[in-house]
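Colleague: Contents are TSV, C-alpha atoms and all ligand atoms; file name upload_28.tsv:
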chain	number	residue	atom	x	y	z
A	1	MET	CA	32.66	-12.18	-20.19
A	2	PHE	CA	33.79	-13.79	-16.93
A	3	ARG	CA	37.30	-14.91	-17.79
A	4	LEU	CA	38.99	-17.54	-15.67
A	5	PRO	CA	41.76	-16.21	-13.41
A	6	ARG	CA	44.36	-18.47	-15.00
A	7	THR	CA	44.28	-21.21	-17.57
A	8	LEU	CA	41.90	-23.99	-16.76
A	9	ALA	CA	44.63	-26.62	-17.07
A	10	VAL	CA	46.73	-25.08	-14.32
A	11	ALA	CA	43.69	-24.79	-12.05
A	12	VAL	CA	42.73	-28.41	-12.58
A	13	VAL	CA	46.22	-29.68	-11.69
A	14	ALA	CA	46.19	-27.44	-8.61
A	15	ALA	CA	42.72	-28.67	-7.71
A	16	ALA	CA	43.87	-32.30	-7.75
A	17	ALA	CA	46.76	-31.51	-5.42
A	18	LEU	CA	44.45	-29.60	-3.09
A	19	THR	CA	41.97	-32.48	-2.96
A	20	ALA	CA	44.67	-34.75	-1.56
A	21	CYS	CA	45.40	-32.18	1.19
A	22	ARG	CA	41.74	-31.67	2.04
A	23	LEU	CA	40.99	-35.36	2.53
A	24	SER	CA	43.54	-35.62	5.33
A	25	GLU	CA	42.05	-32.70	7.32
A	26	GLN	CA	40.73	-33.26	10.86
A	27	THR	CA	37.70	-31.04	10.28
A	28	VAL	CA	35.43	-30.46	7.32
A	29	LYS	CA	36.31	-26.91	6.32
A	30	ILE	CA	33.68	-24.74	4.70
A	31	GLY	CA	34.57	-21.24	3.54
A	32	GLU	CA	32.32	-18.22	3.59
A	33	TYR	CA	32.89	-14.83	1.96
A	34	ALA	CA	30.60	-12.02	3.03
A	35	SER	CA	30.30	-8.22	3.16
A	36	LEU	CA	30.80	-7.97	6.94
A	37	THR	CA	31.83	-4.32	6.60
A	38	GLY	CA	31.38	-1.57	4.00
A	39	LYS	CA	28.39	-0.41	2.03
A	40	GLU	CA	26.37	-3.68	2.19
A	41	ALA	CA	27.47	-4.69	5.70
A	42	ALA	CA	23.85	-5.35	6.66
A	43	PHE	CA	23.70	-8.10	4.02
A	44	GLY	CA	26.92	-9.83	5.07
A	45	GLN	CA	26.31	-9.58	8.81
A	46	SER	CA	22.86	-11.05	8.54
A	47	SER	CA	23.76	-13.82	6.11
A	48	HIS	CA	26.77	-14.74	8.26
A	49	LYS	CA	24.70	-15.07	11.42
A	50	GLY	CA	22.31	-17.47	9.72
A	51	THR	CA	25.22	-19.49	8.32
A	52	LEU	CA	26.97	-19.60	11.69
A	53	LEU	CA	23.82	-20.73	13.50
A	54	ALA	CA	23.39	-23.63	11.07
A	55	ILE	CA	27.02	-24.75	11.47
A	56	GLU	CA	26.80	-24.54	15.27
A	57	GLU	CA	23.67	-26.71	15.26
A	58	ILE	CA	25.24	-29.21	12.89
A	59	ASN	CA	28.28	-29.50	15.17
A	60	ALA	CA	26.14	-29.81	18.29
A	61	ALA	CA	24.44	-32.75	16.57
A	62	GLY	CA	27.80	-34.43	15.86
A	63	GLY	CA	29.05	-32.73	12.67
A	64	VAL	CA	29.28	-34.56	9.36
A	65	LEU	CA	31.12	-37.75	8.33
A	66	GLY	CA	32.37	-38.10	11.90
A	67	LYS	CA	34.11	-34.71	11.85
A	68	LYS	CA	33.28	-31.24	13.08
A	69	VAL	CA	32.52	-28.59	10.51
A	70	GLU	CA	34.86	-25.62	10.61
A	71	LEU	CA	33.42	-22.43	9.15
A	72	ILE	CA	36.10	-20.06	7.88
A	73	THR	CA	34.60	-16.64	7.25
A	74	GLU	CA	36.31	-13.80	5.40
A	75	ASP	CA	35.15	-10.20	4.97
A	76	ASP	CA	35.12	-8.83	1.41
A	77	GLN	CA	34.33	-5.33	2.79
A	78	SER	CA	31.66	-4.86	0.08
A	79	LYS	CA	34.61	-3.97	-2.17
A	80	GLN	CA	35.15	-4.86	-5.79
A	81	GLY	CA	38.10	-7.23	-6.23
A	82	GLU	CA	38.09	-8.50	-2.64
A	83	SER	CA	35.80	-11.48	-3.21
A	84	ALA	CA	38.13	-12.95	-5.81
A	85	THR	CA	41.17	-12.53	-3.54
A	86	ILE	CA	39.41	-14.03	-0.53
A	87	VAL	CA	38.00	-17.02	-2.34
A	88	LYS	CA	41.45	-17.86	-3.74
A	89	LYS	CA	42.80	-17.73	-0.19
A	90	LEU	CA	40.00	-19.94	1.14
A	91	ILE	CA	40.77	-22.52	-1.53
A	92	SER	CA	44.60	-22.47	-1.55
A	93	ARG	CA	45.47	-21.59	2.04
A	94	ASP	CA	42.55	-22.96	4.04
A	95	LYS	CA	41.72	-25.87	1.70
A	96	VAL	CA	37.98	-25.61	2.13
A	97	VAL	CA	35.78	-28.28	0.56
A	98	GLY	CA	32.93	-25.92	-0.26
A	99	ILE	CA	32.20	-22.20	-0.30
A	100	LEU	CA	29.17	-20.19	0.81
A	101	GLY	CA	28.52	-16.69	-0.52
A	102	GLU	CA	27.76	-14.03	-1.51
A	103	VAL	CA	24.55	-12.09	-1.06
A	104	ALA	CA	25.16	-9.47	-3.77
A	105	SER	CA	25.15	-10.87	-7.30
A	106	MET	CA	28.09	-8.74	-8.46
A	107	ARG	CA	30.33	-10.31	-5.81
A	108	SER	CA	29.09	-13.84	-6.45
A	109	LEU	CA	29.85	-13.23	-10.12
A	110	GLU	CA	33.38	-12.22	-9.18
A	111	ALA	CA	34.14	-15.30	-7.06
A	112	ALA	CA	32.21	-17.99	-8.93
A	113	PRO	CA	34.67	-18.29	-11.86
A	114	ILE	CA	37.42	-19.09	-9.33
A	115	CYS	CA	35.36	-21.75	-7.53
A	116	GLN	CA	34.46	-23.20	-10.91
A	117	ALA	CA	38.08	-23.23	-12.13
A	118	TYR	CA	39.27	-24.98	-8.96
A	119	ARG	CA	36.20	-27.23	-8.95
A	120	ILE	CA	35.13	-26.22	-5.44
A	121	PRO	CA	31.35	-26.29	-4.98
A	122	MET	CA	29.93	-22.85	-4.23
A	123	ILE	CA	26.42	-22.07	-2.99
A	124	SER	CA	25.22	-18.50	-3.11
A	125	PRO	CA	22.56	-18.10	-0.44
A	126	SER	CA	20.78	-15.18	-2.01
A	127	SER	CA	22.25	-13.87	-5.27
A	128	THR	CA	19.34	-13.76	-7.67
A	129	ASN	CA	20.95	-12.74	-10.97
A	130	PRO	CA	20.63	-15.68	-13.42
A	131	LYS	CA	24.27	-15.35	-14.60
A	132	VAL	CA	25.67	-16.48	-11.24
A	133	THR	CA	24.95	-20.19	-11.69
A	134	GLU	CA	25.57	-19.98	-15.46
A	135	ILE	CA	29.29	-19.68	-14.58
A	136	GLY	CA	29.45	-23.47	-14.42
A	137	PRO	CA	28.41	-26.81	-12.91
A	138	TYR	CA	30.08	-26.17	-9.53
A	139	ILE	CA	27.96	-23.07	-8.82
A	140	PHE	CA	24.61	-23.37	-7.02
A	141	ARG	CA	22.10	-21.19	-5.21
A	142	VAL	CA	19.27	-21.84	-2.73
A	143	CYS	CA	17.06	-18.90	-3.76
A	144	PHE	CA	14.81	-17.98	-6.67
A	145	ILE	CA	16.15	-15.95	-9.61
A	146	ASP	CA	15.26	-12.48	-10.87
A	147	PRO	CA	13.08	-13.42	-13.85
A	148	PHE	CA	10.64	-14.66	-11.17
A	149	GLN	CA	11.21	-11.73	-8.81
A	150	GLY	CA	10.74	-9.24	-11.68
A	151	THR	CA	7.46	-10.92	-12.59
A	152	VAL	CA	6.26	-10.83	-8.98
A	153	MET	CA	6.80	-7.07	-8.69
A	154	ALA	CA	5.44	-6.31	-12.20
A	155	LYS	CA	2.21	-8.14	-11.35
A	156	PHE	CA	2.07	-6.51	-7.93
A	157	ALA	CA	2.47	-3.06	-9.52
A	158	LYS	CA	-0.23	-3.78	-12.10
A	159	ASP	CA	-2.78	-5.77	-10.10
A	160	THR	CA	-2.41	-4.54	-6.53
A	161	LEU	CA	-1.05	-1.01	-6.88
A	162	LYS	CA	-3.07	-0.54	-10.12
A	163	LEU	CA	-0.21	1.29	-11.84
A	164	HIS	CA	0.04	1.76	-15.62
A	165	ARG	CA	2.73	4.42	-16.10
A	166	VAL	CA	5.92	3.58	-14.22
A	167	ALA	CA	9.50	4.90	-14.10
A	168	LEU	CA	12.61	2.72	-13.70
A	169	LEU	CA	15.63	3.89	-11.71
A	170	THR	CA	18.42	1.36	-12.17
A	171	SER	CA	21.97	1.01	-10.81
A	172	VAL	CA	24.04	0.39	-13.94
A	173	SER	CA	27.06	-0.87	-11.97
A	174	SER	CA	25.11	-3.69	-10.34
A	175	ALA	CA	24.35	-6.89	-12.28
A	176	TYR	CA	21.45	-7.50	-9.91
A	177	SER	CA	19.88	-4.11	-10.60
A	178	VAL	CA	20.28	-4.26	-14.37
A	179	GLY	CA	18.82	-7.77	-14.51
A	180	LEU	CA	15.89	-7.11	-12.23
A	181	ALA	CA	15.00	-3.91	-14.13
A	182	LYS	CA	14.97	-5.88	-17.38
A	183	TYR	CA	12.75	-8.70	-16.08
A	184	PHE	CA	10.36	-6.26	-14.39
A	185	LYS	CA	10.04	-4.25	-17.59
A	186	GLU	CA	9.45	-7.29	-19.80
A	187	ARG	CA	6.55	-8.49	-17.68
A	188	PHE	CA	5.06	-5.08	-16.95
A	189	VAL	CA	5.01	-4.15	-20.64
A	190	ALA	CA	3.72	-7.60	-21.68
A	191	ASP	CA	0.80	-7.04	-19.28
A	192	GLY	CA	-0.04	-3.70	-20.91
A	193	GLY	CA	1.89	-1.34	-18.62
A	194	GLU	CA	4.18	1.40	-19.83
A	195	ILE	CA	7.73	2.24	-18.75
A	196	VAL	CA	7.57	5.96	-19.35
A	197	ILE	CA	11.13	6.83	-18.38
A	198	ASP	CA	14.26	4.81	-17.64
A	199	GLN	CA	16.84	6.58	-15.43
A	200	LYS	CA	20.25	5.33	-14.21
A	201	PHE	CA	22.65	5.71	-11.30
A	202	THR	CA	25.77	3.91	-10.05
A	203	GLU	CA	26.51	2.17	-6.74
A	204	GLY	CA	27.56	4.67	-4.10
A	205	ASP	CA	25.76	7.65	-5.65
A	206	LYS	CA	24.22	9.99	-3.10
A	207	ASP	CA	22.45	12.63	-5.14
A	208	PHE	CA	19.50	11.51	-7.25
A	209	ASN	CA	17.92	14.91	-7.86
A	210	ALA	CA	18.63	15.03	-11.60
A	211	GLN	CA	17.04	11.60	-12.21
A	212	LEU	CA	14.09	12.32	-9.93
A	213	THR	CA	13.42	15.70	-11.51
A	214	ALA	CA	13.27	14.03	-14.93
A	215	ILE	CA	10.96	11.33	-13.53
A	216	LYS	CA	8.72	13.97	-11.96
A	217	ALA	CA	8.44	15.81	-15.29
A	218	ALA	CA	7.49	12.55	-17.04
A	219	GLY	CA	4.35	12.25	-14.91
A	220	VAL	CA	4.45	8.64	-13.69
A	221	GLU	CA	2.25	6.81	-11.18
A	222	GLY	CA	5.04	4.85	-9.53
A	223	ILE	CA	8.83	4.26	-9.49
A	224	PHE	CA	10.51	0.84	-9.51
A	225	VAL	CA	13.98	1.01	-7.92
A	226	PRO	CA	15.80	-2.34	-8.25
A	227	GLY	CA	18.75	-1.38	-6.05
A	228	TYR	CA	20.28	-1.96	-2.62
A	229	TYR	CA	18.99	-0.43	0.59
A	230	THR	CA	21.34	2.57	0.94
A	231	GLU	CA	20.56	4.08	-2.45
A	232	ALA	CA	16.90	3.03	-2.26
A	233	ALA	CA	16.44	4.88	1.04
A	234	LEU	CA	18.16	8.03	-0.28
A	235	ILE	CA	16.07	7.91	-3.46
A	236	CYS	CA	12.86	7.77	-1.40
A	237	ARG	CA	13.96	10.69	0.76
A	238	GLN	CA	14.93	12.87	-2.16
A	239	ALA	CA	11.74	12.00	-4.05
A	240	ARG	CA	9.58	13.02	-1.08
A	241	GLU	CA	11.58	16.26	-0.78
A	242	LEU	CA	10.62	16.95	-4.40
A	243	ASP	CA	6.95	16.44	-3.42
A	244	MET	CA	6.73	13.16	-5.31
A	245	SER	CA	4.23	11.09	-3.37
A	246	MET	CA	3.72	8.16	-5.77
A	247	PRO	CA	4.48	4.57	-4.70
A	248	ILE	CA	8.18	3.66	-4.81
A	249	PHE	CA	8.97	-0.05	-4.72
A	250	GLY	CA	11.83	-2.48	-5.24
A	251	GLY	CA	13.17	-6.01	-4.83
A	252	ASP	CA	15.05	-7.99	-2.17
A	253	GLY	CA	17.98	-5.54	-2.26
A	254	TRP	CA	15.85	-3.19	-0.15
A	255	GLU	CA	15.83	-5.56	2.77
A	256	ALA	CA	17.86	-4.22	5.70
A	257	PRO	CA	17.00	-2.30	8.89
A	258	GLU	CA	19.04	0.53	7.34
A	259	LEU	CA	16.30	1.10	4.76
A	260	ILE	CA	14.11	2.46	7.56
A	261	LYS	CA	16.98	4.01	9.52
A	262	ILE	CA	18.14	6.05	6.52
A	263	GLY	CA	14.76	6.44	4.84
A	264	GLY	CA	12.65	7.36	7.88
A	265	ALA	CA	9.20	8.67	7.00
A	266	ALA	CA	10.12	8.72	3.30
A	267	VAL	CA	9.99	4.91	3.03
A	268	GLU	CA	6.58	4.61	4.73
A	269	GLY	CA	4.17	2.85	2.38
A	270	CYS	CA	6.97	1.50	0.17
A	271	TYR	CA	6.92	-2.13	-0.97
A	272	TYR	CA	9.55	-4.70	-1.89
A	273	SER	CA	9.71	-8.39	-2.71
A	274	THR	CA	11.94	-10.82	-0.85
A	275	HIS	CA	12.45	-14.47	0.05
A	276	TYR	CA	10.92	-14.87	3.48
A	277	SER	CA	9.25	-12.99	6.30
A	278	PRO	CA	9.69	-13.73	10.01
A	279	GLN	CA	5.97	-12.96	10.29
A	280	VAL	CA	4.96	-16.00	8.25
A	281	ASP	CA	3.33	-18.42	10.65
A	282	THR	CA	4.79	-21.79	9.66
A	283	PRO	CA	6.51	-24.12	12.15
A	284	ALA	CA	9.80	-23.98	10.18
A	285	VAL	CA	9.92	-20.18	10.16
A	286	GLN	CA	8.82	-19.76	13.78
A	287	ALA	CA	11.31	-22.35	15.07
A	288	PHE	CA	14.09	-20.55	13.19
A	289	VAL	CA	13.05	-17.13	14.50
A	290	ALA	CA	13.07	-18.46	18.09
A	291	LYS	CA	16.52	-20.09	17.73
A	292	PHE	CA	18.00	-17.05	16.04
A	293	LYS	CA	16.68	-14.65	18.67
A	294	ALA	CA	18.04	-16.84	21.45
A	295	ARG	CA	21.48	-16.95	19.81
A	296	PHE	CA	21.76	-13.29	18.71
A	297	ASP	CA	20.43	-11.09	21.52
A	298	GLY	CA	16.80	-11.03	20.44
A	299	GLU	CA	17.54	-10.04	16.86
A	300	VAL	CA	14.80	-11.05	14.42
A	301	PRO	CA	16.29	-12.84	11.39
A	302	ASP	CA	15.64	-11.40	7.93
A	303	ALA	CA	15.77	-13.08	4.50
A	304	MET	CA	19.58	-13.06	4.27
A	305	ALA	CA	19.83	-14.82	7.64
A	306	ALA	CA	17.27	-17.43	6.60
A	307	LEU	CA	18.98	-18.07	3.26
A	308	GLY	CA	22.44	-18.12	4.87
A	309	TYR	CA	21.13	-20.78	7.26
A	310	ASP	CA	19.62	-22.83	4.43
A	311	SER	CA	22.77	-22.56	2.29
A	312	ALA	CA	24.91	-24.09	5.05
A	313	GLU	CA	22.35	-26.84	5.71
A	314	VAL	CA	22.16	-27.73	2.02
A	315	MET	CA	25.98	-27.84	1.71
A	316	VAL	CA	26.39	-30.14	4.72
A	317	ASP	CA	23.47	-32.32	3.62
A	318	ALA	CA	25.24	-32.82	0.28
A	319	ILE	CA	28.53	-33.75	1.99
A	320	ARG	CA	26.63	-36.25	4.13
A	321	ARG	CA	24.88	-37.81	1.14
A	322	ALA	CA	28.13	-37.82	-0.86
A	323	GLY	CA	29.74	-39.75	2.02
A	324	SER	CA	32.95	-37.92	1.15
A	325	THR	CA	34.45	-34.46	0.96
A	326	GLU	CA	35.79	-35.05	-2.53
A	327	GLU	CA	34.55	-32.11	-4.54
A	328	PRO	CA	33.14	-33.96	-7.57
A	329	ALA	CA	31.10	-36.18	-5.24
A	330	VAL	CA	29.87	-33.19	-3.23
A	331	ARG	CA	29.01	-31.39	-6.45
A	332	ASP	CA	26.99	-34.33	-7.72
A	333	ALA	CA	25.18	-34.63	-4.39
A	334	LEU	CA	24.39	-30.90	-4.45
A	335	ALA	CA	23.03	-31.20	-7.98
A	336	ALA	CA	20.80	-34.05	-6.76
A	337	THR	CA	19.36	-32.01	-3.85
A	338	LYS	CA	15.64	-32.69	-3.81
A	339	ASP	CA	12.86	-31.55	-1.45
A	340	PHE	CA	15.31	-30.39	1.22
A	341	GLU	CA	13.08	-28.72	3.81
A	342	GLY	CA	14.57	-25.46	5.09
A	343	VAL	CA	13.48	-22.17	6.56
A	344	THR	CA	12.84	-20.59	3.16
A	345	GLY	CA	10.85	-23.53	1.85
A	346	SER	CA	11.86	-26.68	0.09
A	347	THR	CA	15.08	-26.69	-1.97
A	348	THR	CA	15.27	-28.75	-5.15
A	349	MET	CA	18.14	-27.98	-7.51
A	350	ASP	CA	16.89	-27.69	-11.08
A	351	LYS	CA	19.11	-28.55	-14.04
A	352	ASP	CA	20.61	-25.05	-13.93
A	353	ARG	CA	21.43	-25.40	-10.19
A	354	ASN	CA	18.81	-22.86	-9.14
A	355	ALA	CA	16.03	-23.33	-6.59
A	356	THR	CA	12.37	-22.51	-7.17
A	357	LYS	CA	10.74	-20.86	-4.17
A	358	SER	CA	7.91	-18.52	-3.25
A	359	ALA	CA	8.47	-14.79	-2.87
A	360	VAL	CA	6.91	-12.55	-0.26
A	361	VAL	CA	5.93	-8.90	-0.57
A	362	ILE	CA	6.76	-6.62	2.36
A	363	MET	CA	5.50	-3.13	3.14
A	364	VAL	CA	7.03	-0.49	5.40
A	365	LYS	CA	4.39	0.51	7.93
A	366	ASP	CA	4.83	2.63	11.08
A	367	GLY	CA	8.59	2.21	10.90
A	368	HIS	CA	8.46	-1.59	10.61
A	369	PHE	CA	8.50	-4.25	7.92
A	370	LYS	CA	5.07	-5.78	7.51
A	371	PHE	CA	4.30	-8.98	5.62
A	372	VAL	CA	1.75	-8.36	2.84
A	373	GLN	CA	1.49	-11.53	0.76
A	374	THR	CA	3.19	-14.70	-0.44
A	375	VAL	CA	3.53	-15.26	-4.18
A	376	ALA	CA	3.99	-18.86	-5.30
A	377	PRO	CA	6.13	-19.57	-8.37
B	1	LIG	N1	19.35	-10.75	-4.52
B	1	LIG	C1	20.31	-9.71	-4.31
B	1	LIG	C2	21.39	-9.82	-5.36
B	1	LIG	O1	21.43	-10.75	-6.07
B	1	LIG	C3	20.90	-9.78	-2.92
B	1	LIG	C4	19.95	-9.84	-1.76
B	1	LIG	C5	19.37	-11.03	-1.39
B	1	LIG	C6	19.64	-8.72	-1.02
B	1	LIG	C7	18.46	-11.10	-0.32
B	1	LIG	C8	18.76	-8.78	0.02
B	1	LIG	C9	18.13	-9.97	0.37
B	1	LIG	O2	22.22	-9.00	-5.51
Before we go any further, please render this structure as structure tokens.
Ligand code: PHE
Modeller:
Amino acid sequence: MFRLPRTLAVAVVAAAALTACRLSEQTVKIGEYASLTGKEAAFGQSSHKGTLLAIEEINAAGGVLGKKVELITEDDQSKQGESATIVKKLISRDKVVGILGEVASMRSLEAAPICQAYRIPMISPSSTNPKVTEIGPYIFRVCFIDPFQGTVMAKFAKDTLKLHRVALLTSVSSAYSVGLAKYFKERFVADGGEIVIDQKFTEGDKDFNAQLTAIKAAGVEGIFVPGYYTEAALICRQARELDMSMPIFGGDGWEAPELIKIGGAAVEGCYYSTHYSPQVDTPAVQAFVAKFKARFDGEVPDAMAALGYDSAEVMVDAIRRAGSTEEPAVRDALAATKDFEGVTGSTTMDKDRNATKSAVVIMVKDGHFKFVQTVAP
């Protein structure tokens, strides 16, 4: 399904030539592609700040392999097609030794085949769709995957919210949404719940009245919306306007201050699962929150920031352990990452290059995100 941009042979020859160039560089160049503008700007901005903070700290402590780390960040504008273009540029023009990105699974899925073809290690900080790392042995992530996240929210719906009859409202143009809906449904139904109605939308939609009217008529006790924050907030508003007061809940894609800015009173009492909460009282989290606030005007870091930070740390740790910036050595070191203590917990790469970590459930209360519980894998 994810075809390589050109024949593998050509890419491999090009990769060998690029390796020679990269080894003579004065800095260790790491590329980052992120949605700094556009529909998911909140994701990219936040992830980038975490990544930048990690690189600045690493450089303040002397860099890696006797060189400074140079972070080269490019904006994919949340647009389809841009991630592929940018990642090619980072590899061919900037000669980066590793790549960090993206948050959204659909954009990681776009860029990963290029990183794989050129044999440049890529770490997605927070893309949770299983297919991302299935692209090949050069593709890693430092977060959990959606079969786990789907299970967390299915159990939460059943055991905590005590729901039996639930509606799904899925974004069909988002790999993340389609996957998370599937894993939620599998677990919810296996535990005796019922998905009464399954409605669809596409990224960028603004009017959800037709889907919500159908859901209202189906008589459900709750709605699971595995989408991103803009659509999720609009869905909550329009549901409340239709006098639908049942719980509406989602996954990590809901996490952004914009959820509350756009959703207002309509998102009060809503729940979502994510990777971390700044309210968790562990030394690692609290130290990170303090550093981040000092660096970024008092801003409190969210899950994307924490995972962006951890992704950069894990990449540099692998370069250090590899003792070289040669991509196969860095790749092997990344694959061997074990018990690396970060902000979002301990990272160990499993055989599929995924990390296993706890999830947290967050609730919107009085216009703020409130930590509810941690769910261990
Ligand atoms: N997990 C989402 C995806 O794969 C992205 C995301 C991560 C959004 C963390 C918010 C917080 O598309």
Colleague: Hey, what's within 10 Å of Asp366 (chain A) if we count only C-alpha atoms and toss same-chain stuff fewer than 4 positions away? As a list in words, please?
Modeller: Ile260, Gly264, Ala265, Val267, Glu268, Gly269 and Lys370 of chain A
Colleague: Within 6 Å of ligand LIG 1 (chain B), counting all atoms listed in the file: which residues, as a list in words?
Modeller: Val103, Ala104, Ser105, Ser126, Ser127, Thr128, Asn129, Tyr176, Asp252, Gly253, Glu255, Ala303 and Met304 of chain A
Colleague: If you keep C-alpha atoms, can you produce a file of those selected residues as a PDB file, in the frame of the given file?
Modeller:
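New file result18.pdb:
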ATOM      1  CA  VAL A 103      24.550 -12.090  -1.060  1.00  0.00           C
ATOM      2  CA  ALA A 104      25.160  -9.470  -3.770  1.00  0.00           C
ATOM      3  CA  SER A 105      25.150 -10.870  -7.300  1.00  0.00           C
ATOM      4  CA  SER A 126      20.780 -15.180  -2.010  1.00  0.00           C
ATOM      5  CA  SER A 127      22.250 -13.870  -5.270  1.00  0.00           C
ATOM      6  CA  THR A 128      19.340 -13.760  -7.670  1.00  0.00           C
ATOM      7  CA  ASN A 129      20.950 -12.740 -10.970  1.00  0.00           C
ATOM      8  CA  TYR A 176      21.450  -7.500  -9.910  1.00  0.00           C
ATOM      9  CA  ASP A 252      15.050  -7.990  -2.170  1.00  0.00           C
ATOM     10  CA  GLY A 253      17.980  -5.540  -2.260  1.00  0.00           C
ATOM     11  CA  GLU A 255      15.830  -5.560   2.770  1.00  0.00           C
ATOM     12  CA  ALA A 303      15.770 -13.080   4.500  1.00  0.00           C
ATOM     13  CA  MET A 304      19.580 -13.060   4.270  1.00  0.00           C
TER      14      MET A 304
END
Colleague: Please, which residues in region 226-315 of chain A fall within 12 Å of region 319-327 of chain A when counting all atoms listed in the file, and what is the closest atom pair and distance in Å to one decimal for each, ordered by chain then residue number, as a tab-separated table?
Modeller:
residue	atom	partner	partner_atom	distance
A:Ala312	CA	A:Ile319	CA	10.8
A:Glu313	CA	A:Ile319	CA	10.0
A:Val314	CA	A:Ile319	CA	8.8
A:Met315	CA	A:Ile319	CA	6.4
Colleague: How about saving the chosen residues, C-alpha atoms kept, as an mmCIF file, keeping the file's coordinate frame?
Modeller:
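And here's again36.cif as it stands now:
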data_model
loop_
_atom_site.group_PDB
_atom_site.id
_atom_site.type_symbol
_atom_site.label_atom_id
_atom_site.label_comp_id
_atom_site.auth_asym_id
_atom_site.auth_seq_id
_atom_site.Cartn_x
_atom_site.Cartn_y
_atom_site.Cartn_z
ATOM 1 C CA ALA A 312 24.910 -24.090 5.050
ATOM 2 C CA GLU A 313 22.350 -26.840 5.710
ATOM 3 C CA VAL A 314 22.160 -27.730 2.020
ATOM 4 C CA MET A 315 25.980 -27.840 1.710
#
Colleague: Could you list, with a cut-off of 7 Å and counting all atoms listed in the file, the residues of region 251-358 of chain A near region 218-239 of chain A, each shown with its nearest atom pair and the distance in Å rounded to one decimal, rows sorted by chain and ascending number, as CSV?
Modeller:
residue,atom,partner,partner_atom,distance
A:Gly251,CA,A:Pro226,CA,5.7
A:Gly253,CA,A:Tyr228,CA,4.3
A:Trp254,CA,A:Tyr229,CA,4.2
A:Glu255,CA,A:Tyr229,CA,6.4
A:Ala256,CA,A:Tyr229,CA,6.5
A:Glu258,CA,A:Tyr229,CA,6.8
A:Leu259,CA,A:Tyr229,CA,5.2
A:Ile262,CA,A:Ala233,CA,5.9
A:Gly263,CA,A:Ala233,CA,4.4
A:Ala266,CA,A:Arg237,CA,5.0
A:Val267,CA,A:Cys236,CA,6.0
Colleague: Env of region 76-82 of chain A: 6 Å cut, atoms = only C-alpha atoms, seq-sep filter 6 positions within chain, self excluded. Answer as a compact mmCIF listing (two decimals) with C-alpha atoms, in the frame of the given file.
Modeller:
# COMPACT_ATOMS: atom_id res chain seq x y z
CA ALA A 34 30.60 -12.02 3.03
CA SER A 35 30.30 -8.22 3.16
CA THR A 37 31.83 -4.32 6.60
CA GLY A 38 31.38 -1.57 4.00
CA LYS A 39 28.39 -0.41 2.03
CA GLU A 40 26.37 -3.68 2.19
Colleague: So how far away is CA of Met246 (chain A) from CA of Thr170 (chain A), in Å?
Modeller: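 Separation of CA of Thr170 (chain A) and CA of Met246 (chain A): 17.4 Å.
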